[in-house]
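The data block below is model_3.csv; it holds CSV, C-alpha atoms and all ligand atoms.
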```csv
chain,number,residue,atom,x,y,z
A,1152,MET,CA,7.5,-40.8,0.4
A,1153,SER,CA,8.6,-39.5,-3.0
A,1154,ALA,CA,6.1,-37.8,-5.4
A,1155,GLU,CA,5.4,-39.3,-8.8
A,1156,VAL,CA,7.0,-37.1,-11.4
A,1157,ILE,CA,4.5,-36.2,-14.2
A,1158,ASP,CA,6.1,-36.7,-17.6
A,1159,GLY,CA,4.7,-33.8,-19.6
A,1160,LYS,CA,6.9,-34.6,-22.6
A,1161,ALA,CA,5.5,-38.1,-22.9
A,1162,PHE,CA,1.9,-36.9,-22.4
A,1163,ALA,CA,2.4,-34.2,-25.0
A,1164,ASP,CA,3.9,-36.6,-27.5
A,1165,GLY,CA,0.8,-38.8,-27.1
A,1166,LEU,CA,-1.5,-35.8,-27.7
A,1167,LEU,CA,0.5,-34.9,-30.8
A,1168,ARG,CA,0.2,-38.5,-32.2
A,1169,ALA,CA,-3.6,-38.4,-31.5
A,1170,LEU,CA,-3.8,-35.0,-33.1
A,1171,GLU,CA,-2.0,-36.2,-36.2
A,1172,ASP,CA,-4.7,-38.9,-36.7
A,1173,ASP,CA,-7.4,-36.3,-36.1
A,1174,VAL,CA,-5.9,-33.9,-38.7
A,1175,ARG,CA,-5.7,-36.7,-41.2
A,1176,ALA,CA,-9.4,-37.6,-40.7
A,1177,PHE,CA,-10.3,-33.9,-40.9
A,1178,LYS,CA,-8.5,-33.5,-44.2
A,1179,LYS,CA,-10.2,-36.5,-45.6
A,1180,GLU,CA,-13.6,-35.5,-44.5
A,1181,HIS,CA,-13.4,-31.8,-45.5
A,1182,ASP,CA,-10.7,-31.8,-48.2
A,1183,LEU,CA,-9.1,-29.0,-46.2
A,1184,VAL,CA,-5.7,-28.6,-44.4
A,1185,PRO,CA,-5.9,-26.6,-41.1
A,1186,GLY,CA,-3.5,-23.7,-41.2
A,1187,LEU,CA,-1.7,-21.8,-38.4
A,1188,ALA,CA,-0.2,-18.4,-39.0
A,1189,VAL,CA,2.5,-17.3,-36.5
A,1190,VAL,CA,3.6,-13.7,-36.4
A,1191,VAL,CA,6.8,-12.6,-34.7
A,1192,VAL,CA,8.1,-9.0,-34.6
A,1193,GLY,CA,11.8,-8.3,-33.9
A,1194,HIS,CA,14.7,-10.6,-33.2
A,1195,ASP,CA,14.2,-11.7,-29.5
A,1196,PRO,CA,16.2,-15.0,-29.5
A,1197,ALA,CA,13.7,-16.9,-27.3
A,1198,SER,CA,10.8,-15.8,-29.5
A,1199,GLN,CA,12.6,-16.9,-32.6
A,1200,ILE,CA,13.1,-20.4,-31.1
A,1201,TYR,CA,9.5,-20.7,-29.9
A,1202,VAL,CA,8.2,-19.7,-33.3
A,1203,GLY,CA,10.5,-22.1,-35.1
A,1204,SER,CA,9.5,-25.0,-32.9
A,1205,LYS,CA,5.8,-24.2,-33.2
A,1206,ALA,CA,6.1,-24.1,-37.0
A,1207,ARG,CA,8.0,-27.4,-37.1
A,1208,ARG,CA,5.4,-29.2,-34.9
A,1209,THR,CA,2.5,-27.7,-37.0
A,1210,VAL,CA,4.0,-29.2,-40.2
A,1211,GLU,CA,4.9,-32.5,-38.5
A,1212,ILE,CA,1.2,-33.2,-37.6
A,1213,GLY,CA,0.1,-32.4,-41.1
A,1214,MET,CA,-1.1,-28.8,-40.8
A,1215,ARG,CA,0.1,-25.9,-42.8
A,1216,SER,CA,2.3,-23.3,-41.1
A,1217,TYR,CA,2.5,-19.7,-42.3
A,1218,GLU,CA,5.4,-17.8,-40.7
A,1219,HIS,CA,5.6,-14.0,-40.7
A,1220,ARG,CA,8.9,-12.7,-39.3
A,1221,LEU,CA,8.7,-8.9,-39.2
A,1222,GLU,CA,11.4,-6.3,-38.5
A,1223,GLU,CA,11.7,-4.8,-35.0
A,1224,ALA,CA,10.8,-1.4,-36.5
A,1225,THR,CA,7.4,-2.7,-37.9
A,1226,SER,CA,4.7,-0.1,-37.1
A,1227,GLU,CA,1.6,-1.0,-35.1
A,1228,ALA,CA,-0.5,0.0,-38.2
A,1229,ASP,CA,1.4,-2.4,-40.4
A,1230,LEU,CA,1.1,-5.2,-37.9
A,1231,LEU,CA,-2.7,-4.6,-37.6
A,1232,ALA,CA,-2.9,-4.6,-41.4
A,1233,LEU,CA,-1.3,-8.0,-41.5
A,1234,ILE,CA,-3.7,-9.3,-38.9
A,1235,ARG,CA,-6.7,-8.1,-40.9
A,1236,ARG,CA,-5.3,-9.9,-44.0
A,1237,LEU,CA,-4.9,-13.1,-41.9
A,1238,ASN,CA,-8.3,-12.7,-40.4
A,1239,SER,CA,-9.9,-12.9,-43.9
A,1240,ALA,CA,-7.5,-15.5,-45.4
A,1241,PRO,CA,-9.5,-18.7,-45.8
A,1242,GLU,CA,-6.4,-21.0,-45.6
A,1243,VAL,CA,-5.5,-19.6,-42.1
A,1244,HIS,CA,-7.6,-21.1,-39.3
A,1245,GLY,CA,-5.4,-20.0,-36.4
A,1246,ILE,CA,-3.4,-16.8,-35.7
A,1247,LEU,CA,-0.8,-16.5,-33.0
A,1248,VAL,CA,1.2,-13.3,-32.4
A,1249,GLN,CA,4.3,-14.1,-30.4
A,1250,LEU,CA,4.8,-12.0,-27.2
A,1251,PRO,CA,6.5,-9.9,-26.2
A,1252,LEU,CA,6.0,-7.3,-28.9
A,1253,PRO,CA,8.4,-4.3,-29.2
A,1254,PRO,CA,7.6,-1.5,-26.7
A,1255,HIS,CA,6.2,0.8,-29.4
A,1256,ILE,CA,3.3,-1.7,-30.1
A,1257,ASP,CA,0.3,-2.0,-27.9
A,1258,ASP,CA,-0.1,-5.7,-27.1
A,1259,ALA,CA,-3.8,-5.4,-26.2
A,1260,ALA,CA,-4.7,-3.6,-29.4
A,1261,VAL,CA,-3.0,-6.3,-31.4
A,1262,LEU,CA,-4.4,-9.3,-29.6
A,1263,ASP,CA,-7.9,-7.8,-29.8
A,1264,ALA,CA,-7.5,-7.3,-33.5
A,1265,ILE,CA,-7.3,-11.1,-34.1
A,1266,ALA,CA,-10.7,-12.6,-35.1
A,1267,PRO,CA,-11.9,-14.4,-32.0
A,1268,GLU,CA,-12.6,-17.6,-34.0
A,1269,LYS,CA,-8.9,-17.6,-35.1
A,1270,ASP,CA,-7.5,-16.6,-31.7
A,1271,VAL,CA,-5.7,-19.9,-30.9
A,1272,ASP,CA,-3.8,-18.4,-28.0
A,1273,GLY,CA,-7.2,-17.7,-26.3
A,1274,PHE,CA,-6.1,-14.2,-25.3
A,1275,HIS,CA,-8.9,-12.2,-27.0
A,1276,VAL,CA,-11.3,-10.6,-24.6
A,1277,ILE,CA,-14.2,-12.5,-26.3
A,1278,ASN,CA,-12.5,-15.9,-25.6
A,1279,ALA,CA,-11.7,-14.8,-22.0
A,1280,GLY,CA,-15.3,-13.8,-21.5
A,1281,ARG,CA,-16.7,-17.0,-23.0
A,1282,LEU,CA,-14.4,-19.0,-20.8
A,1283,ALA,CA,-15.5,-17.0,-17.7
A,1284,THR,CA,-19.2,-17.5,-18.5
A,1285,GLY,CA,-18.9,-21.2,-19.3
A,1286,GLN,CA,-19.4,-21.0,-23.0
A,1287,SER,CA,-17.3,-22.8,-25.6
A,1288,ALA,CA,-14.1,-20.9,-26.1
A,1289,LEU,CA,-10.5,-21.1,-27.4
A,1290,VAL,CA,-8.7,-21.5,-24.1
A,1291,PRO,CA,-5.1,-20.3,-23.4
A,1292,CYS,CA,-2.7,-23.1,-24.2
A,1293,THR,CA,-0.7,-23.3,-21.0
A,1294,PRO,CA,-3.6,-23.6,-18.5
A,1295,SER,CA,-5.3,-26.0,-20.9
A,1296,GLY,CA,-2.2,-28.2,-20.8
A,1297,CYS,CA,-2.1,-28.0,-17.0
A,1298,LEU,CA,-5.8,-29.1,-16.8
A,1299,GLN,CA,-5.2,-32.0,-19.1
A,1300,LEU,CA,-2.3,-33.2,-16.9
A,1301,LEU,CA,-4.5,-32.8,-13.8
A,1302,LYS,CA,-7.4,-34.8,-15.3
A,1303,SER,CA,-5.0,-37.5,-16.5
A,1304,ILE,CA,-4.1,-38.0,-12.8
A,1305,HIS,CA,-7.3,-37.5,-11.0
A,1306,GLY,CA,-10.1,-37.9,-13.5
A,1307,ASP,CA,-12.8,-36.0,-11.8
A,1308,LEU,CA,-11.5,-32.9,-10.0
A,1309,ALA,CA,-14.9,-31.9,-8.5
A,1310,GLY,CA,-14.7,-30.8,-4.8
A,1311,MET,CA,-10.9,-30.6,-4.8
A,1312,ARG,CA,-9.3,-27.5,-3.2
A,1313,ALA,CA,-7.1,-25.8,-5.8
A,1314,LEU,CA,-4.8,-22.9,-5.3
A,1315,VAL,CA,-3.5,-20.9,-8.3
A,1316,LEU,CA,-0.4,-18.9,-7.5
A,1317,GLY,CA,-0.4,-16.0,-10.0
A,1318,ARG,CA,-3.2,-13.9,-11.6
A,1319,SER,CA,-1.9,-13.1,-15.1
A,1320,ASN,CA,-4.4,-13.0,-18.0
A,1321,ILE,CA,-2.4,-15.7,-19.8
A,1322,VAL,CA,-2.0,-18.3,-17.1
A,1323,GLY,CA,-3.3,-17.6,-13.6
A,1324,LYS,CA,-6.8,-16.2,-14.4
A,1325,PRO,CA,-7.7,-18.8,-17.1
A,1326,MET,CA,-6.3,-21.6,-15.0
A,1327,ALA,CA,-8.6,-20.6,-12.1
A,1328,GLN,CA,-11.6,-20.4,-14.5
A,1329,LEU,CA,-10.8,-23.9,-15.8
A,1330,LEU,CA,-10.5,-25.4,-12.3
A,1331,LEU,CA,-13.8,-23.6,-11.3
A,1332,ALA,CA,-15.5,-25.1,-14.3
A,1333,GLU,CA,-14.3,-28.5,-13.1
A,1334,SER,CA,-16.0,-27.7,-9.7
A,1335,CYS,CA,-12.9,-27.3,-7.7
A,1336,THR,CA,-12.9,-24.9,-4.8
A,1337,VAL,CA,-10.5,-22.3,-6.2
A,1338,THR,CA,-8.3,-19.7,-4.5
A,1339,ILE,CA,-6.2,-17.3,-6.5
A,1340,ALA,CA,-3.1,-16.0,-4.7
A,1341,HIS,CA,-0.8,-13.2,-5.8
A,1342,SER,CA,1.8,-10.7,-4.5
A,1343,ARG,CA,-0.6,-9.2,-2.0
A,1344,THR,CA,-1.8,-12.5,-0.5
A,1345,ARG,CA,-1.4,-12.8,3.3
A,1346,ASP,CA,0.1,-16.0,4.6
A,1347,LEU,CA,0.9,-17.5,1.2
A,1348,PRO,CA,2.5,-20.7,2.7
A,1349,GLY,CA,-0.6,-21.3,4.7
A,1350,GLU,CA,-2.9,-20.8,1.7
A,1351,CYS,CA,-0.8,-23.2,-0.4
A,1352,ARG,CA,-0.8,-25.8,2.4
A,1353,ARG,CA,-4.6,-26.1,2.2
A,1354,ALA,CA,-4.5,-27.0,-1.5
A,1355,ASP,CA,-5.0,-30.5,-3.0
A,1356,ILE,CA,-3.9,-29.0,-6.3
A,1357,LEU,CA,-1.3,-26.3,-6.4
A,1358,VAL,CA,-0.6,-24.5,-9.7
A,1359,ALA,CA,2.4,-22.2,-9.5
A,1360,ALA,CA,2.6,-19.5,-12.2
A,1361,VAL,CA,4.6,-16.8,-10.5
A,1362,GLY,CA,7.9,-16.4,-12.3
A,1363,ARG,CA,10.1,-16.6,-9.1
A,1364,PRO,CA,12.7,-19.4,-9.1
A,1365,ARG,CA,12.0,-22.1,-6.5
A,1366,MET,CA,9.7,-19.9,-4.5
A,1367,VAL,CA,7.3,-22.6,-3.3
A,1368,LYS,CA,9.1,-24.6,-0.6
A,1369,GLY,CA,8.4,-28.2,0.5
A,1370,ASP,CA,6.7,-27.0,3.7
A,1371,TRP,CA,4.2,-25.0,1.7
A,1372,ILE,CA,2.8,-28.2,0.2
A,1373,LYS,CA,0.0,-30.3,1.6
A,1374,PRO,CA,1.3,-33.9,1.9
A,1375,GLY,CA,0.1,-35.9,-1.2
A,1376,ALA,CA,-1.0,-32.7,-3.1
A,1377,THR,CA,-0.6,-32.5,-6.9
A,1378,VAL,CA,1.8,-29.7,-7.8
A,1379,ILE,CA,1.9,-28.2,-11.3
A,1380,ASP,CA,4.9,-25.9,-11.9
A,1381,VAL,CA,4.3,-23.5,-14.8
A,1382,GLY,CA,7.4,-21.3,-14.0
A,1383,ILE,CA,10.3,-21.1,-16.4
A,1384,ASN,CA,13.1,-19.2,-14.7
A,1385,ARG,CA,16.7,-19.1,-15.9
A,1386,LEU,CA,19.2,-19.0,-13.0
A,1387,PRO,CA,22.4,-16.8,-13.5
A,1388,ALA,CA,25.0,-18.6,-15.5
A,1389,VAL,CA,28.0,-20.1,-13.6
A,1390,ASP,CA,31.5,-20.8,-15.1
A,1391,GLY,CA,30.6,-19.1,-18.4
A,1392,GLY,CA,27.9,-21.7,-19.2
A,1393,LYS,CA,24.2,-21.2,-19.7
A,1394,GLY,CA,22.1,-20.6,-16.6
A,1395,LYS,CA,20.0,-23.6,-15.5
A,1396,ILE,CA,16.2,-23.5,-16.1
A,1397,VAL,CA,14.1,-24.0,-12.9
A,1398,GLY,CA,10.5,-23.7,-12.0
A,1399,ASP,CA,8.6,-21.7,-9.4
A,1400,VAL,CA,8.7,-24.7,-7.0
A,1401,ASP,CA,11.7,-26.0,-5.1
A,1402,PHE,CA,11.5,-29.4,-6.9
A,1403,GLU,CA,13.8,-31.3,-4.6
A,1404,GLU,CA,11.9,-30.2,-1.5
A,1405,ALA,CA,8.5,-30.7,-3.1
A,1406,LEU,CA,9.4,-34.2,-4.2
A,1407,ALA,CA,9.5,-35.4,-0.6
A,1408,VAL,CA,6.0,-34.0,0.2
A,1409,ALA,CA,3.8,-33.9,-2.9
A,1410,GLY,CA,1.9,-36.8,-4.4
A,1411,HIS,CA,2.5,-35.8,-8.0
A,1412,ILE,CA,4.7,-33.0,-9.5
A,1413,THR,CA,5.6,-31.7,-12.9
A,1414,PRO,CA,9.4,-31.2,-13.5
A,1415,VAL,CA,10.9,-28.1,-15.1
A,1416,PRO,CA,11.8,-28.5,-17.9
A,1417,GLY,CA,9.8,-31.5,-19.2
A,1418,GLY,CA,6.5,-30.8,-17.4
A,1419,VAL,CA,4.0,-28.1,-18.5
A,1420,GLY,CA,6.3,-26.6,-21.2
A,1421,PRO,CA,5.8,-29.4,-23.8
A,1422,MET,CA,2.1,-29.4,-23.3
A,1423,THR,CA,1.8,-25.8,-24.5
A,1424,ILE,CA,2.6,-26.4,-28.1
A,1425,ALA,CA,0.3,-29.5,-28.2
A,1426,CYS,CA,-2.6,-27.4,-26.9
A,1427,LEU,CA,-1.9,-24.7,-29.4
A,1428,LEU,CA,-2.3,-27.3,-32.2
A,1429,GLN,CA,-5.4,-28.7,-30.6
A,1430,ASN,CA,-6.8,-25.2,-30.6
A,1431,THR,CA,-5.9,-24.8,-34.3
A,1432,LEU,CA,-7.8,-27.9,-35.2
A,1433,LYS,CA,-10.8,-26.8,-33.0
A,1434,ALA,CA,-10.7,-23.4,-34.7
A,1435,ALA,CA,-10.7,-25.0,-38.2
A,1436,ARG,CA,-13.7,-27.2,-37.2
A,1437,VAL,CA,-15.7,-24.2,-35.9
A,1438,GLN,CA,-14.9,-22.1,-39.0
A,1439,ILE,CA,-16.2,-24.7,-41.4
A,1440,GLY,CA,-19.3,-25.1,-39.3
B,1501,LIG,P1,3.3,-12.6,-14.7
B,1501,LIG,O1,4.5,-11.9,-14.4
B,1501,LIG,O2,2.4,-12.0,-15.7
B,1501,LIG,O3,2.4,-12.9,-13.4
B,1501,LIG,C1,3.1,-13.4,-12.2
B,1501,LIG,C2,2.0,-13.5,-11.1
B,1501,LIG,O4,2.7,-13.9,-10.0
B,1501,LIG,C3,1.4,-12.1,-10.8
B,1501,LIG,O5,0.0,-12.3,-10.6
B,1501,LIG,C4,2.0,-11.7,-9.5
B,1501,LIG,O6,1.2,-11.0,-8.6
B,1501,LIG,C5,2.4,-13.0,-8.9
B,1501,LIG,N1,3.6,-12.8,-8.0
B,1501,LIG,C6,4.8,-12.3,-8.4
B,1501,LIG,N2,5.6,-12.3,-7.3
B,1501,LIG,C7,4.9,-12.9,-6.3
B,1501,LIG,C8,5.2,-13.1,-4.9
B,1501,LIG,N3,6.4,-12.9,-4.4
B,1501,LIG,N4,4.3,-13.7,-4.2
B,1501,LIG,C9,3.1,-14.0,-4.7
B,1501,LIG,N5,2.7,-13.8,-6.0
B,1501,LIG,C10,3.6,-13.2,-6.7
B,1501,LIG,O7,3.7,-14.1,-15.2
B,1501,LIG,P2,3.0,-15.2,-16.2
B,1501,LIG,O8,1.7,-15.6,-15.6
B,1501,LIG,O9,3.1,-14.7,-17.6
B,1501,LIG,O10,4.1,-16.4,-16.1
B,1501,LIG,C11,4.4,-17.0,-14.8
B,1501,LIG,C12,5.5,-18.0,-15.0
B,1501,LIG,O11,5.1,-19.0,-15.9
B,1501,LIG,C13,6.8,-17.4,-15.6
B,1501,LIG,O12,7.9,-18.0,-15.1
B,1501,LIG,C14,6.7,-17.7,-17.1
B,1501,LIG,O13,7.9,-17.8,-17.7
B,1501,LIG,C15,6.0,-19.1,-17.0
B,1501,LIG,N6,5.2,-19.4,-18.2
B,1501,LIG,C16,5.4,-20.7,-18.7
B,1501,LIG,C17,4.7,-21.1,-19.8
B,1501,LIG,C18,4.9,-22.5,-20.3
B,1501,LIG,O14,4.6,-22.8,-21.4
B,1501,LIG,N7,5.3,-23.4,-19.4
B,1501,LIG,C19,3.8,-20.2,-20.5
B,1501,LIG,C20,3.6,-18.9,-19.9
B,1501,LIG,C21,4.3,-18.6,-18.8
B,1501,LIG,P3,0.6,-9.6,-8.8
B,1501,LIG,O15,-0.5,-9.8,-9.9
B,1501,LIG,O16,0.0,-9.2,-7.5
B,1501,LIG,O17,1.7,-8.7,-9.3
```
Let me see the structure of the file written as structure tokens.
Amino acid sequence: MSAEVIDGKAFADGLLRALEDDVRAFKKEHDLVPGLAVVVVGHDPASQIYVGSKARRTVEIGMRSYEHRLEEATSEADLLALIRRLNSAPEVHGILVQLPLPPHIDDAAVLDAIAPEKDVDGFHVINAGRLATGQSALVPCTPSGCLQLLKSIHGDLAGMRALVLGRSNIVGKPMAQLLLAESCTVTIAHSRTRDLPGECRRADILVAAVGRPRMVKGDWIKPGATVIDVGINRLPAVDGGKGKIVGDVDFEEALAVAGHITPVPGGVGPMTIACLLQNTLKAARVQIG
């Protein structure tokens, strides 16, 4: 048996095409172009690439992109002042602050300064609370992408046993909340979990968001389970080249056991930007009432 590989890139391309139509219809109906402001502080090369590709996609689907590239030495007060300006700018419907921020800036203070209705990353405590209490919320993009992939495979997830490996605020916890809202029986595992392989083996749905290369082995997976690999880990470079990117799941081993599996790269990653733009349109809709 070999698992079916979930083509996240193709799925995300389909979402982006549908979103382009939705943006066109929105503009026509409201005579308004949704706008996304992306703020990056410092010169982290990965952050610069992420911000560039987010801005490009935003424009490609017909929205406006406002990029704010700030110096590494930018003070927290100046960053908060920019966020306050973006919060009250009518042309900006979504605000994203690229993480990580330089160490002299308090991430939580910055994320909580973003107006909850413009918080397209879904990291604000109000959106986290709304998600946890079953109210309409802007949901973090990566878990939202994972859920859309899972629903595309299974349709109704009710009653399925789901294990989320990782309990971060940006992936693990919101992923667990989303699966709970779909009436899955959810277990959250982390670094203090006992018998992790045994816990994983009980799961019909296994979402790995742990940041450890190829940690989940083939014999941790229930035969036929759906495996969503969120991890992005760069292996050490060999022969002077760039290190290979791998997920948190041992893909080759998992392929022989799982029913469906996302590859890395090309699985969850491409879904994240598509969900960010979905959130931006949703935020624009909410803001115009
Ligand atoms: P964090 O480092 O914030 O969280 C990792 C989680 O994994 C923690 O809850 C930690 O447990 C748990 N963990 C770490 N080591 C072990 C272990 N040996 N056994 C069991 N649990 C362990 O990571 P993120 O949630 O931010 O990201 C996870 C991965 O997903 C990373 O590879 C990241 O690059 C990737 N990612 C990918 C995205 C995409 O777009 N595809 C977007 C965001 C992240 P504890 O809490 O006990 O310390």
**Fill in**
For Val1358 of chain A, the closest of A:Gly1317, A:Gly1418, A:Pro1325, A:Gly1392 counting all atoms listed in the file is A:Gly1317
**Pick from A:Arg1168, A:His1181, A:Arg1343, A:His1255, whichever lies nearest to ligand LIG 1501 (chain B) using only C-alpha atoms and all ligand atoms** =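 Closest residue, counting only C-alpha atoms and all ligand atoms: A:Arg1343.
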**Message:** Which residues are near Ala1163 of chain A? Cut-off 10 Å, all atoms listed in the file, ignore same chain within fewer than 4 positions. Put them as JSON, numbers by chain.
**Reply:** {"A": [1158, 1159, 1167, 1168, 1169, 1296, 1299, 1300, 1417, 1418, 1419, 1420, 1421, 1422, 1423, 1424, 1425, 1426]}
Residues of chain A within 6 Å of ligand LIG 1501 (chain B): nearest atom pair and distance (Å, one decimal) for each, counting only C-alpha atoms and all ligand atoms, sorted by chain and number, as a tab-separated table?
```
residue	atom	partner	partner_atom	distance
A:Thr1293	CA	B:LIG1501	O14	5.3
A:Gly1317	CA	B:LIG1501	C2	3.6
A:Arg1318	CA	B:LIG1501	O5	3.7
A:Ser1319	CA	B:LIG1501	O8	4.4
A:Ile1321	CA	B:LIG1501	O8	5.9
A:Val1322	CA	B:LIG1501	O8	4.8
A:Gly1323	CA	B:LIG1501	O8	5.7
A:His1341	CA	B:LIG1501	N5	3.6
A:Ser1342	CA	B:LIG1501	C9	3.6
A:Arg1343	CA	B:LIG1501	O16	5.5
A:Ala1360	CA	B:LIG1501	C11	4.0
A:Val1361	CA	B:LIG1501	O4	3.5
A:Gly1362	CA	B:LIG1501	O12	3.2
A:Val1381	CA	B:LIG1501	O11	4.7
A:Gly1382	CA	B:LIG1501	O12	3.5
A:Ile1383	CA	B:LIG1501	O12	4.1
A:Asn1384	CA	B:LIG1501	O12	5.4
A:Val1419	CA	B:LIG1501	N7	5.0
A:Gly1420	CA	B:LIG1501	N7	3.8
A:Thr1423	CA	B:LIG1501	O14	5.1
```
**Message:** Using only C-alpha atoms, which protein or nucleic acid residues come within 8 Å of Val1174 of chain A? Drop anything in the same chain fewer than 4 positions from it, and give the result as a PyMOL selection string.
**Reply:** chain A and resi 1170+1178+1184-1185+1212-1214+1432
**Request:** For Val1367 of chain A, please output as number ranges by chain all residues within 7 Å (counting only C-alpha atoms; exclusion window: fewer than 2 positions along the same chain).
**Result:** A: 1365, 1369, 1371, 1399-1401
**Request:** Tell me which protein, DNA and RNA residues are within 10 Å of segment 1191-1208 of chain A, counting only C-alpha atoms, leaving out same-chain ones fewer than 2 positions away, and put them as a ChimeraX atom specification.
**Result:** /A:1167,1187-1189,1210-1226,1230,1247-1253,1256,1423-1425,1427-1428
**Item:** Coordinates-based distance that separates atom CA of Gly1245 of chain A from atom CA of Lys1269 of chain A (Å, one decimal)
**Value:**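 Atom CA of Lys1269 of chain A sits 4.4 Å away from atom CA of Gly1245 of chain A.
The residue that comes closest to Glu1227 of chain A, out of A:Asp1346, A:Glu1242, A:Asp1257, A:Glu1268 and on the basis of all atoms listed in the file, is A:Asp1257.
Each of A:Ala1359, A:Leu1330, A:Val1437, A:Ala1283 was compared to Val1415 of chain A using all atoms listed in the file, and A:Ala1359 turns out to be the nearest.
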